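Written out below as structure tokens is the structure these notes cover.
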2 protein chains.
Amino acid sequence: MSADEAVRPPALRAGDQVAVVSPSGPARPELVTAGVALLRSWGLRAVPAPHALDRDGYLAGTDADRIADLNAAFADPAVRGIVVTRGGYGVQRIVDRLDLAAVRDDPKPVAGFSDLTALQLALWRGARLAGVHGPGAAWRPERTGPAAAESLRNALMSVDPVVVKRDPADGTAGVSRPGIATGPLLGGNLTMLASTLGTRDFPDLTGAVLLVEDVDEPPYKVDRMLTQLRRAGVLRGLAGVAVGQFVRCADRWPTSVADVLADRLGDLGVPVLGGLPIGHGQDQLSVPVGVPAALDVAAGTLTVDPAVR
Amino acid sequence: MSADEAVRPPALRAGDQVAVVSPSGPARPELVTAGVALLRSWGLRAVPAPHALDRDGYLAGTDADRIADLNAAFADPAVRGIVVTRGGYGVQRIVDRLDLAAVRDDPKPVAGFSDLTALQLALWRGARLAGVHGPGAAWRPERTGPAAAESLRNALMSVDPVVVKRDPADGTAGVSRPGIATGPLLGGNLTMLASTLGTRDFPDLTGAVLLVEDVDEPPYKVDRMLTQLRRAGVLRGLAGVAVGQFVRCADRWPTSVADVLADRLGDLGVPVLGGLPIGHGQDQLSVPVGVPAALDVAAGTLTVDPAVR
């Protein structure tokens, strides 16, 4: 896989229309209202999709309605970008029905993370579409403050390089293997990566910088998922690993999730940088995925930049 | 895949030596003592392996010690069968180091379930070894009463047909699609099946009766795992589905795990029988896996019998 193949859609500009969609779990209306207001404060014409506030058990409405909203947003030339409301679960139920021809015809930035890693992987496979790994429009100001908002705005509305610096206070900051790695940044949520194994959407990670983060998974489950990836052979050609936040990933065992990450990633023979403020934690930063990146472990930085080769 | 290829090891006889091993999570010594006593009450010479009581965080000792115990049990001609102590997590870390030549040279019955589904799948792939899906030797009499003990004894010490009848009181008893299916019974723990996707051990399920059970997985995660199996295409050639116990698989959402199973299994076009007392619930029954089976939904029975074709 070459990063040259990637399609990075144009940055959004003030005045652009953005579809706010819910392809996964149901979003709380008041949080979507806050997110729409935030997007509008940047000059974007944020418009919730018809079923953005639907709720059907743990899903944001029926499969038919969720995929219809998503495909309509890709097909509508007036829509210049897509921001999902939140993750949860559900996009895998519909992702094989994506209108990839429409995606290829009119590439648009798609922002989201967590469950939406499965959507990003499908868009990468089917259209080599670069996306934005960042918080959804169901906005929680207490968890994503001004720096997180500014980072999302930058990722959506510019193609400026993004530099993310290791947070030494993060629980995974000690997970480290020295070196410098370059390659397209791919991945996101570890559970979604493991849940995509066996499907056509699992990406070729040869030469890639793999991003992993997760939430609410005890250490043994993080071990299980990384062990599955190892056993499947998909980590063999990696350039490096960027380790984001692992939030509430502790359980009653003495083994910490940092121990597990060090054990399962430390012998791959590639640079590993932990403690990156990307994921389900406080003040997560947004990064483009599918875009060339450089990992510098000594400097403690992940740089995502089309100019990096 | 033909069931004719399967190797069903000889039934154990009184006087036979049985190795009690811990390839996954750590077992409580007093429960292993109870299980060893039970096996001995059947005339089996149950011998705990050197590291059967080891503990290393969530693992029953180091990877090296756990695989050494397992491979030693397969290689020792005095050992005629293997009963694991318990599941938990860990066998996937070592299963690619199984001495499959030793397994093929001297096939022995291996009893276990839950995490050990990954071991059964590896033994099936590498040696077409039929196994026993049943409780481990870390014996909990309060959860596995006399009927469960008798069922395990029968599965280990006879090749008699096993008939398991639907429990109408089980939460998944309503999951049902009519018909009769025959084929080798394969599978076990759903989480382990999903965690084996992408590895060489995932079985060809064409013509098989798939057994699924799980514990402590909320409905949306059961949905996610079945969706992954569907997306991977591995359910396409199934003969039928035998649904065991789904224990503590509820969460705050109104959708029940029975709803999820009906949704994700109900449109496969094959017979589905829910409510089978196999798994993590009260008084689970033991069934051979890798052995020809018949599912009769109208009769509410799963029959596992080498004579079924």
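Scheme for the structure tokens: letters A, B, ... for chains in order shown; per-chain residue numbers from 1; ligand numbers from 1 in order shown.
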
Can you check which residues of chain B have any atom within 6 Å of chain A? Use only C-alpha atoms and format it as a ChimeraX atom specification. /B:57,197-199,231-232,253-255

Which of stretch 261-309 of chain B counts as strand (DSSP E) under DSSP, as a PyMOL selection string please? chain B and resi 272-273+287-289+292-296+301-304

Considering only C-alpha atoms, return as an mmCIF file with all heavy atoms, in the first residue's frame whatever protein or nucleic-acid residues lie within 12 Å of B:Phe246, sequence-local ones (same chain, fewer than 4 positions apart) excluded.
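Below is the file that was written, part.cif:
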```cif
data_model
loop_
_atom_site.group_PDB
_atom_site.id
_atom_site.type_symbol
_atom_site.label_atom_id
_atom_site.label_comp_id
_atom_site.auth_asym_id
_atom_site.auth_seq_id
_atom_site.Cartn_x
_atom_site.Cartn_y
_atom_site.Cartn_z
ATOM 1 N N SER B 114 -15.306 -22.366 26.715
ATOM 2 C CA SER B 114 -15.055 -20.940 26.913
ATOM 3 C C SER B 114 -13.745 -20.566 26.219
ATOM 4 O O SER B 114 -13.622 -20.790 25.018
ATOM 5 C CB SER B 114 -15.045 -20.636 28.414
ATOM 6 O OG SER B 114 -15.204 -19.258 28.646
ATOM 7 N N ASP B 170 -34.865 -21.369 29.421
ATOM 8 C CA ASP B 170 -33.656 -20.603 29.120
ATOM 9 C C ASP B 170 -34.007 -19.341 28.322
ATOM 10 O O ASP B 170 -34.938 -19.336 27.509
ATOM 11 C CB ASP B 170 -32.673 -21.473 28.321
ATOM 12 C CG ASP B 170 -31.311 -20.802 28.180
ATOM 13 O OD1 ASP B 170 -31.147 -19.978 27.261
ATOM 14 O OD2 ASP B 170 -30.449 -21.072 29.018
ATOM 15 N N GLY B 171 -33.234 -18.304 28.540
ATOM 16 C CA GLY B 171 -33.499 -17.019 27.896
ATOM 17 C C GLY B 171 -33.455 -17.061 26.377
ATOM 18 O O GLY B 171 -34.052 -16.229 25.699
ATOM 19 N N THR B 172 -32.731 -18.031 25.808
ATOM 20 C CA THR B 172 -32.644 -18.100 24.345
ATOM 21 C C THR B 172 -33.560 -19.178 23.760
ATOM 22 O O THR B 172 -33.473 -19.480 22.565
ATOM 23 C CB THR B 172 -31.193 -18.381 23.882
ATOM 24 O OG1 THR B 172 -30.827 -19.712 24.224
ATOM 25 C CG2 THR B 172 -30.215 -17.399 24.518
ATOM 26 N N ALA B 173 -34.445 -19.736 24.610
ATOM 27 C CA ALA B 173 -35.292 -20.842 24.134
ATOM 28 C C ALA B 173 -36.197 -20.408 22.978
ATOM 29 O O ALA B 173 -36.586 -21.221 22.138
ATOM 30 C CB ALA B 173 -36.128 -21.404 25.281
ATOM 31 N N VAL B 175 -35.402 -18.522 20.525
ATOM 32 C CA VAL B 175 -34.653 -18.315 19.280
ATOM 33 C C VAL B 175 -34.766 -19.588 18.462
ATOM 34 O O VAL B 175 -34.220 -20.633 18.843
ATOM 35 C CB VAL B 175 -33.173 -17.979 19.571
ATOM 36 C CG1 VAL B 175 -32.416 -17.755 18.269
ATOM 37 C CG2 VAL B 175 -33.074 -16.760 20.479
ATOM 38 N N GLY B 188 -18.437 -23.237 19.780
ATOM 39 C CA GLY B 188 -18.452 -23.167 21.229
ATOM 40 C C GLY B 188 -18.653 -21.725 21.642
ATOM 41 O O GLY B 188 -19.698 -21.137 21.385
ATOM 42 N N ASN B 189 -17.614 -21.145 22.205
ATOM 43 C CA ASN B 189 -17.745 -19.785 22.707
ATOM 44 C C ASN B 189 -17.710 -18.768 21.562
ATOM 45 O O ASN B 189 -16.777 -18.747 20.759
ATOM 46 C CB ASN B 189 -16.609 -19.514 23.697
ATOM 47 C CG ASN B 189 -16.730 -18.155 24.335
ATOM 48 O OD1 ASN B 189 -16.053 -17.219 23.932
ATOM 49 N ND2 ASN B 189 -17.622 -18.008 25.303
ATOM 50 N N LEU B 190 -18.730 -17.923 21.518
ATOM 51 C CA LEU B 190 -18.845 -16.957 20.413
ATOM 52 C C LEU B 190 -17.684 -15.967 20.405
ATOM 53 O O LEU B 190 -17.139 -15.630 19.348
ATOM 54 C CB LEU B 190 -20.188 -16.223 20.509
ATOM 55 C CG LEU B 190 -20.419 -15.109 19.493
ATOM 56 C CD1 LEU B 190 -20.353 -15.625 18.056
ATOM 57 C CD2 LEU B 190 -21.760 -14.424 19.752
ATOM 58 N N THR B 191 -17.300 -15.481 21.580
ATOM 59 C CA THR B 191 -16.174 -14.541 21.638
ATOM 60 C C THR B 191 -14.911 -15.179 21.072
ATOM 61 O O THR B 191 -14.143 -14.531 20.352
ATOM 62 C CB THR B 191 -15.935 -14.078 23.090
ATOM 63 O OG1 THR B 191 -17.088 -13.357 23.534
ATOM 64 C CG2 THR B 191 -14.724 -13.166 23.199
ATOM 65 N N LEU B 211 -22.149 -24.367 17.011
ATOM 66 C CA LEU B 211 -22.531 -24.176 18.413
ATOM 67 C C LEU B 211 -22.035 -22.811 18.876
ATOM 68 O O LEU B 211 -20.871 -22.469 18.649
ATOM 69 C CB LEU B 211 -21.902 -25.288 19.266
ATOM 70 C CG LEU B 211 -22.047 -25.159 20.788
ATOM 71 C CD1 LEU B 211 -23.504 -25.263 21.222
ATOM 72 C CD2 LEU B 211 -21.196 -26.240 21.485
ATOM 73 N N VAL B 212 -22.918 -22.032 19.506
ATOM 74 C CA VAL B 212 -22.503 -20.747 20.074
ATOM 75 C C VAL B 212 -23.061 -20.595 21.480
ATOM 76 O O VAL B 212 -24.206 -20.980 21.767
ATOM 77 C CB VAL B 212 -22.952 -19.527 19.219
ATOM 78 C CG1 VAL B 212 -22.154 -19.447 17.927
ATOM 79 C CG2 VAL B 212 -24.446 -19.541 18.932
ATOM 80 N N GLU B 213 -22.245 -20.053 22.352
ATOM 81 C CA GLU B 213 -22.656 -19.722 23.722
ATOM 82 C C GLU B 213 -21.758 -18.586 24.167
ATOM 83 O O GLU B 213 -20.696 -18.348 23.574
ATOM 84 C CB GLU B 213 -22.536 -20.940 24.650
ATOM 85 C CG GLU B 213 -21.119 -21.447 24.905
ATOM 86 C CD GLU B 213 -20.352 -20.700 25.992
ATOM 87 O OE1 GLU B 213 -20.957 -20.265 26.980
ATOM 88 O OE2 GLU B 213 -19.119 -20.519 25.829
ATOM 89 N N ASP B 214 -22.178 -17.863 25.228
ATOM 90 C CA ASP B 214 -21.290 -16.821 25.750
ATOM 91 C C ASP B 214 -21.715 -16.383 27.145
ATOM 92 O O ASP B 214 -22.749 -16.811 27.659
ATOM 93 C CB ASP B 214 -21.220 -15.620 24.801
ATOM 94 C CG ASP B 214 -19.777 -15.122 24.651
ATOM 95 O OD1 ASP B 214 -19.077 -15.027 25.677
ATOM 96 O OD2 ASP B 214 -19.365 -14.848 23.516
ATOM 97 N N VAL B 215 -20.872 -15.545 27.732
ATOM 98 C CA VAL B 215 -21.111 -15.064 29.094
ATOM 99 C C VAL B 215 -20.607 -13.630 29.211
ATOM 100 O O VAL B 215 -19.590 -13.281 28.596
ATOM 101 C CB VAL B 215 -20.390 -15.987 30.115
ATOM 102 C CG1 VAL B 215 -18.874 -15.968 29.926
ATOM 103 C CG2 VAL B 215 -20.735 -15.609 31.552
ATOM 104 N N ASP B 216 -21.347 -12.813 29.952
ATOM 105 C CA ASP B 216 -20.893 -11.451 30.262
ATOM 106 C C ASP B 216 -20.660 -10.591 29.027
ATOM 107 O O ASP B 216 -19.775 -9.722 29.042
ATOM 108 C CB ASP B 216 -19.605 -11.489 31.109
ATOM 109 C CG ASP B 216 -19.867 -11.930 32.544
ATOM 110 O OD1 ASP B 216 -20.968 -11.612 33.056
ATOM 111 O OD2 ASP B 216 -19.008 -12.598 33.139
ATOM 112 N N GLU B 217 -21.411 -10.810 27.972
ATOM 113 C CA GLU B 217 -21.315 -9.956 26.795
ATOM 114 C C GLU B 217 -22.671 -9.278 26.596
ATOM 115 O O GLU B 217 -23.671 -9.958 26.391
ATOM 116 C CB GLU B 217 -20.952 -10.766 25.540
ATOM 117 C CG GLU B 217 -19.624 -11.493 25.624
ATOM 118 C CD GLU B 217 -18.407 -10.568 25.624
ATOM 119 O OE1 GLU B 217 -18.556 -9.384 25.248
ATOM 120 O OE2 GLU B 217 -17.319 -11.013 26.027
ATOM 121 N N PRO B 218 -22.716 -7.946 26.641
ATOM 122 C CA PRO B 218 -24.006 -7.284 26.420
ATOM 123 C C PRO B 218 -24.508 -7.541 24.997
ATOM 124 O O PRO B 218 -23.729 -7.888 24.105
ATOM 125 C CB PRO B 218 -23.695 -5.808 26.646
ATOM 126 C CG PRO B 218 -22.217 -5.677 26.531
ATOM 127 C CD PRO B 218 -21.628 -7.005 26.894
ATOM 128 N N PRO B 219 -25.816 -7.377 24.789
ATOM 129 C CA PRO B 219 -26.401 -7.689 23.475
ATOM 130 C C PRO B 219 -25.673 -7.028 22.312
ATOM 131 O O PRO B 219 -25.478 -7.661 21.261
ATOM 132 C CB PRO B 219 -27.837 -7.164 23.611
ATOM 133 C CG PRO B 219 -28.144 -7.316 25.058
ATOM 134 C CD PRO B 219 -26.856 -7.016 25.773
ATOM 135 N N LYS B 221 -22.605 -6.370 21.940
ATOM 136 C CA LYS B 221 -21.357 -7.063 21.620
ATOM 137 C C LYS B 221 -21.638 -8.414 20.953
ATOM 138 O O LYS B 221 -20.889 -8.849 20.079
ATOM 139 C CB LYS B 221 -20.491 -7.240 22.873
ATOM 140 C CG LYS B 221 -19.904 -5.928 23.371
ATOM 141 C CD LYS B 221 -18.832 -6.153 24.437
ATOM 142 C CE LYS B 221 -18.259 -4.822 24.908
ATOM 143 N NZ LYS B 221 -17.225 -4.973 25.945
ATOM 144 N N VAL B 222 -22.710 -9.081 21.374
ATOM 145 C CA VAL B 222 -23.111 -10.313 20.683
ATOM 146 C C VAL B 222 -23.468 -9.975 19.237
ATOM 147 O O VAL B 222 -23.072 -10.675 18.296
ATOM 148 C CB VAL B 222 -24.294 -10.980 21.428
ATOM 149 C CG1 VAL B 222 -24.844 -12.155 20.638
ATOM 150 C CG2 VAL B 222 -23.843 -11.435 22.818
ATOM 151 N N ALA B 250 -26.990 -9.298 29.398
ATOM 152 C CA ALA B 250 -27.992 -8.238 29.349
ATOM 153 C C ALA B 250 -27.288 -6.945 29.709
ATOM 154 O O ALA B 250 -26.249 -6.943 30.349
ATOM 155 C CB ALA B 250 -29.116 -8.509 30.331
ATOM 156 N N SER B 256 -32.933 -7.436 24.044
ATOM 157 C CA SER B 256 -32.423 -8.607 24.751
ATOM 158 C C SER B 256 -31.462 -9.371 23.854
ATOM 159 O O SER B 256 -31.467 -9.221 22.628
ATOM 160 C CB SER B 256 -33.572 -9.530 25.148
ATOM 161 O OG SER B 256 -34.067 -10.191 23.997
ATOM 162 N N VAL B 257 -30.657 -10.222 24.473
ATOM 163 C CA VAL B 257 -29.726 -11.011 23.673
ATOM 164 C C VAL B 257 -30.494 -11.990 22.793
ATOM 165 O O VAL B 257 -30.035 -12.328 21.691
ATOM 166 C CB VAL B 257 -28.684 -11.708 24.584
ATOM 167 C CG1 VAL B 257 -29.300 -12.860 25.358
ATOM 168 C CG2 VAL B 257 -27.485 -12.179 23.771
ATOM 169 N N ALA B 258 -31.684 -12.425 23.239
ATOM 170 C CA ALA B 258 -32.498 -13.310 22.385
ATOM 171 C C ALA B 258 -32.941 -12.558 21.120
ATOM 172 O O ALA B 258 -32.932 -13.126 20.022
ATOM 173 C CB ALA B 258 -33.714 -13.821 23.159
ATOM 174 N N VAL B 260 -31.274 -10.200 19.675
ATOM 175 C CA VAL B 260 -30.081 -10.084 18.830
ATOM 176 C C VAL B 260 -29.803 -11.403 18.106
ATOM 177 O O VAL B 260 -29.523 -11.421 16.899
ATOM 178 C CB VAL B 260 -28.859 -9.667 19.680
ATOM 179 C CG1 VAL B 260 -27.563 -9.832 18.896
ATOM 180 C CG2 VAL B 260 -29.023 -8.239 20.169
ATOM 181 N N LEU B 261 -29.886 -12.503 18.840
ATOM 182 C CA LEU B 261 -29.640 -13.811 18.225
ATOM 183 C C LEU B 261 -30.670 -14.087 17.132
ATOM 184 O O LEU B 261 -30.320 -14.580 16.043
ATOM 185 C CB LEU B 261 -29.675 -14.905 19.296
ATOM 186 C CG LEU B 261 -28.515 -14.870 20.295
ATOM 187 C CD1 LEU B 261 -28.849 -15.704 21.538
ATOM 188 C CD2 LEU B 261 -27.222 -15.391 19.655
ATOM 189 N N GLY B 274 -32.530 -22.661 19.826
ATOM 190 C CA GLY B 274 -32.052 -21.984 21.024
ATOM 191 C C GLY B 274 -32.394 -22.745 22.291
ATOM 192 O O GLY B 274 -33.097 -23.753 22.256
ATOM 193 N N GLY B 275 -31.856 -22.245 23.405
ATOM 194 C CA GLY B 275 -32.222 -22.781 24.709
ATOM 195 C C GLY B 275 -31.519 -24.063 25.095
ATOM 196 O O GLY B 275 -31.962 -24.759 26.011
ATOM 197 N N LEU B 276 -30.407 -24.388 24.439
ATOM 198 C CA LEU B 276 -29.707 -25.626 24.791
ATOM 199 C C LEU B 276 -28.860 -25.400 26.054
ATOM 200 O O LEU B 276 -28.134 -24.414 26.150
ATOM 201 C CB LEU B 276 -28.826 -26.075 23.627
ATOM 202 C CG LEU B 276 -29.619 -26.483 22.370
ATOM 203 C CD1 LEU B 276 -28.700 -26.605 21.157
ATOM 204 C CD2 LEU B 276 -30.350 -27.809 22.617
ATOM 205 N N PRO B 277 -28.947 -26.302 27.027
ATOM 206 C CA PRO B 277 -28.218 -26.128 28.301
ATOM 207 C C PRO B 277 -26.732 -26.470 28.162
ATOM 208 O O PRO B 277 -26.226 -27.406 28.779
ATOM 209 C CB PRO B 277 -28.952 -27.067 29.259
ATOM 210 C CG PRO B 277 -29.530 -28.123 28.380
ATOM 211 C CD PRO B 277 -29.820 -27.484 27.045
ATOM 212 N N ILE B 278 -26.061 -25.676 27.322
ATOM 213 C CA ILE B 278 -24.633 -25.860 27.054
ATOM 214 C C ILE B 278 -23.984 -24.496 27.238
ATOM 215 O O ILE B 278 -24.417 -23.533 26.610
ATOM 216 C CB ILE B 278 -24.397 -26.353 25.607
ATOM 217 C CG1 ILE B 278 -25.096 -27.689 25.362
ATOM 218 C CG2 ILE B 278 -22.906 -26.441 25.303
ATOM 219 C CD1 ILE B 278 -25.097 -28.120 23.890
ATOM 220 N N GLY B 279 -22.983 -24.392 28.116
ATOM 221 C CA GLY B 279 -22.307 -23.111 28.275
ATOM 222 C C GLY B 279 -22.039 -22.746 29.714
ATOM 223 O O GLY B 279 -21.776 -23.608 30.548
ATOM 224 N N HIS B 280 -22.125 -21.445 29.986
ATOM 225 C CA HIS B 280 -21.725 -20.924 31.294
ATOM 226 C C HIS B 280 -22.850 -20.922 32.317
ATOM 227 O O HIS B 280 -22.711 -20.341 33.385
ATOM 228 C CB HIS B 280 -21.195 -19.500 31.148
ATOM 229 C CG HIS B 280 -19.831 -19.429 30.509
ATOM 230 N ND1 HIS B 280 -19.632 -19.552 29.164
ATOM 231 C CD2 HIS B 280 -18.598 -19.243 31.040
ATOM 232 C CE1 HIS B 280 -18.349 -19.432 28.889
ATOM 233 N NE2 HIS B 280 -17.689 -19.246 29.999
ATOM 234 N N GLY B 281 -23.979 -21.548 31.983
ATOM 235 C CA GLY B 281 -25.118 -21.479 32.888
ATOM 236 C C GLY B 281 -25.139 -22.619 33.884
ATOM 237 O O GLY B 281 -24.167 -23.375 34.036
ATOM 238 N N GLN B 282 -26.265 -22.707 34.546
ATOM 239 C CA GLN B 282 -26.451 -23.745 35.546
ATOM 240 C C GLN B 282 -26.505 -25.107 34.861
ATOM 241 O O GLN B 282 -27.161 -25.266 33.832
ATOM 242 C CB GLN B 282 -27.772 -23.451 36.285
ATOM 243 C CG GLN B 282 -27.918 -24.152 37.605
ATOM 244 C CD GLN B 282 -26.879 -23.687 38.623
ATOM 245 O OE1 GLN B 282 -26.456 -22.537 38.600
ATOM 246 N NE2 GLN B 282 -26.451 -24.592 39.504
ATOM 247 N N GLN B 284 -24.601 -27.090 33.017
ATOM 248 C CA GLN B 284 -24.300 -27.286 31.594
ATOM 249 C C GLN B 284 -24.012 -28.744 31.292
ATOM 250 O O GLN B 284 -23.399 -29.463 32.084
ATOM 251 C CB GLN B 284 -23.107 -26.423 31.185
ATOM 252 C CG GLN B 284 -21.780 -26.833 31.794
ATOM 253 C CD GLN B 284 -20.602 -26.296 30.999
ATOM 254 O OE1 GLN B 284 -20.487 -26.536 29.808
ATOM 255 N NE2 GLN B 284 -19.741 -25.551 31.669
#
```

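Considering only stretch 117-157 of chain A, backbone DSSP assigns helix (DSSP H, G or I) to Thr117, Ala118, Leu119, Gln120, Leu121, Ala122, Leu123, Trp124, Arg125, Gly126, Ala127, Pro146, Ala147, Ala148, Ala149, Glu150, Ser151, Leu152, Arg153, Asn154, Ala155, Leu156 and Met157 of chain A.
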
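For B:His133, the list of residues within 9 Å, based on only C-alpha atoms and with local chain neighbours fewer than 4 positions off taken out, reads B:Val110, B:Ala111, B:Gly112, B:Phe113, B:Ser114, B:Leu116, B:Thr117, B:Gln120, B:Leu152, B:Ala155, B:Gly188, B:Ile278, B:Gly279, B:Leu285, B:Ser286, B:Val287, B:Pro288, B:Val289.
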
Output all heavy atoms of each residue in that selection to a file, as a compact mmCIF listing (two decimals), in the first residue's frame.
```
# COMPACT_ATOMS: atom_id res chain seq x y z
N VAL B 110 -9.75 -33.96 24.68
CA VAL B 110 -9.45 -32.74 25.43
C VAL B 110 -10.78 -32.12 25.82
O VAL B 110 -11.61 -31.82 24.95
CB VAL B 110 -8.64 -31.74 24.58
CG1 VAL B 110 -8.37 -30.46 25.37
CG2 VAL B 110 -7.34 -32.37 24.11
N ALA B 111 -10.99 -31.93 27.12
CA ALA B 111 -12.24 -31.36 27.60
C ALA B 111 -12.03 -29.95 28.13
O ALA B 111 -11.06 -29.69 28.86
CB ALA B 111 -12.85 -32.24 28.70
N GLY B 112 -12.93 -29.05 27.76
CA GLY B 112 -12.90 -27.67 28.22
C GLY B 112 -13.88 -26.86 27.40
O GLY B 112 -14.49 -27.39 26.46
N PHE B 113 -14.04 -25.60 27.75
CA PHE B 113 -14.92 -24.74 26.94
C PHE B 113 -14.51 -23.30 27.20
O PHE B 113 -13.46 -23.03 27.77
CB PHE B 113 -16.40 -25.02 27.24
CG PHE B 113 -16.96 -24.36 28.47
CD1 PHE B 113 -18.03 -23.47 28.39
CD2 PHE B 113 -16.42 -24.63 29.72
CE1 PHE B 113 -18.55 -22.87 29.52
CE2 PHE B 113 -16.94 -24.03 30.86
CZ PHE B 113 -18.01 -23.15 30.75
N SER B 114 -15.31 -22.37 26.72
CA SER B 114 -15.06 -20.94 26.91
C SER B 114 -13.74 -20.57 26.22
O SER B 114 -13.62 -20.79 25.02
CB SER B 114 -15.05 -20.64 28.41
OG SER B 114 -15.20 -19.26 28.65
N LEU B 116 -11.19 -22.12 25.95
CA LEU B 116 -10.63 -23.32 25.32
C LEU B 116 -11.23 -23.63 23.96
O LEU B 116 -10.73 -24.50 23.24
CB LEU B 116 -10.76 -24.53 26.24
CG LEU B 116 -9.81 -24.54 27.43
CD1 LEU B 116 -8.39 -24.22 26.98
CD2 LEU B 116 -10.22 -23.60 28.52
N THR B 117 -12.30 -22.92 23.58
CA THR B 117 -12.78 -23.06 22.21
C THR B 117 -11.64 -22.76 21.24
O THR B 117 -11.51 -23.42 20.20
CB THR B 117 -13.98 -22.12 21.96
OG1 THR B 117 -15.10 -22.61 22.71
CG2 THR B 117 -14.36 -22.05 20.49
N GLN B 120 -9.70 -25.89 21.01
CA GLN B 120 -10.42 -26.91 20.21
C GLN B 120 -10.32 -26.58 18.73
O GLN B 120 -10.16 -27.48 17.89
CB GLN B 120 -11.91 -26.95 20.64
CG GLN B 120 -12.16 -27.17 22.13
CD GLN B 120 -12.16 -28.64 22.56
OE1 GLN B 120 -11.66 -29.50 21.84
NE2 GLN B 120 -12.72 -28.90 23.74
N LEU B 152 -20.48 -34.98 31.75
CA LEU B 152 -19.05 -34.91 31.44
C LEU B 152 -18.43 -36.31 31.45
O LEU B 152 -17.64 -36.66 30.57
CB LEU B 152 -18.33 -33.99 32.44
CG LEU B 152 -16.80 -33.88 32.26
CD1 LEU B 152 -16.44 -33.31 30.89
CD2 LEU B 152 -16.18 -33.01 33.36
N ALA B 155 -19.32 -38.05 28.29
CA ALA B 155 -18.62 -37.53 27.11
C ALA B 155 -17.16 -37.98 27.09
O ALA B 155 -16.58 -38.17 26.02
CB ALA B 155 -18.71 -36.01 27.06
N GLY B 188 -18.44 -23.24 19.78
CA GLY B 188 -18.45 -23.17 21.23
C GLY B 188 -18.65 -21.72 21.64
O GLY B 188 -19.70 -21.14 21.39
N ILE B 278 -26.06 -25.68 27.32
CA ILE B 278 -24.63 -25.86 27.05
C ILE B 278 -23.98 -24.50 27.24
O ILE B 278 -24.42 -23.53 26.61
CB ILE B 278 -24.40 -26.35 25.61
CG1 ILE B 278 -25.10 -27.69 25.36
CG2 ILE B 278 -22.91 -26.44 25.30
CD1 ILE B 278 -25.10 -28.12 23.89
N GLY B 279 -22.98 -24.39 28.12
CA GLY B 279 -22.31 -23.11 28.28
C GLY B 279 -22.04 -22.75 29.71
O GLY B 279 -21.78 -23.61 30.55
N LEU B 285 -24.45 -29.15 30.11
CA LEU B 285 -24.17 -30.50 29.65
C LEU B 285 -22.94 -30.50 28.76
O LEU B 285 -22.59 -29.47 28.17
CB LEU B 285 -25.39 -31.04 28.90
CG LEU B 285 -26.68 -31.08 29.75
CD1 LEU B 285 -27.83 -31.64 28.94
CD2 LEU B 285 -26.48 -31.88 31.04
N SER B 286 -22.28 -31.62 28.68
CA SER B 286 -21.08 -31.77 27.85
C SER B 286 -21.46 -32.42 26.53
O SER B 286 -22.24 -33.37 26.50
CB SER B 286 -20.05 -32.64 28.57
OG SER B 286 -19.58 -31.99 29.73
N VAL B 287 -20.88 -31.90 25.46
CA VAL B 287 -21.12 -32.49 24.13
C VAL B 287 -19.77 -32.65 23.42
O VAL B 287 -18.90 -31.80 23.54
CB VAL B 287 -22.06 -31.63 23.26
CG1 VAL B 287 -23.49 -31.72 23.74
CG2 VAL B 287 -21.58 -30.19 23.18
N PRO B 288 -19.64 -33.72 22.65
CA PRO B 288 -18.46 -33.82 21.79
C PRO B 288 -18.54 -32.76 20.69
O PRO B 288 -19.64 -32.45 20.22
CB PRO B 288 -18.56 -35.22 21.19
CG PRO B 288 -19.60 -35.94 21.99
CD PRO B 288 -20.51 -34.89 22.53
N VAL B 289 -17.42 -32.18 20.31
CA VAL B 289 -17.38 -31.28 19.15
C VAL B 289 -16.46 -31.90 18.11
O VAL B 289 -15.51 -32.62 18.44
CB VAL B 289 -16.91 -29.85 19.53
CG1 VAL B 289 -18.03 -29.08 20.20
CG2 VAL B 289 -15.67 -29.88 20.41
```

Between atom CA of A:Pro161 and atom CA of A:Val304, what distance in Å does the model show, to one decimal? 5.7 Å

Who sits within 12 Å of B:Arg125, only C-alpha atoms, same chain under 3 positions skipped, as a list in words: Met1, Glu5, Ala6, Val7, Val95, Asp96, Leu98, Leu100, Val103, Arg104, Ala118, Leu119, Gln120, Leu121, Ala122, Arg128, Leu129, Ala130, Leu186, Thr196, Thr199, Arg200, Asp201, Phe202, Pro203, Asp204, Leu205 and Gly290 of chain B

Tell me which protein, DNA and RNA residues are within 8 Å of stretch 15-17 of chain A, counting only C-alpha atoms, leaving out same-chain ones fewer than 5 positions away, and put them as a PyMOL selection string. chain A and resi 43-47+78-81

What lies within 7 Å of B:Pro184 using only C-alpha atoms, ignoring chain neighbours under 6 positions off, as a PyMOL selection string? chain B and resi 3+208-209+290-293

Atomic distance atom CA of B:Ala138 - atom CA of B:Glu30, expressed in Å with one decimal: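 According to the coordinates, atom CA of B:Ala138 and atom CA of B:Glu30 are separated by 8.0 Å.
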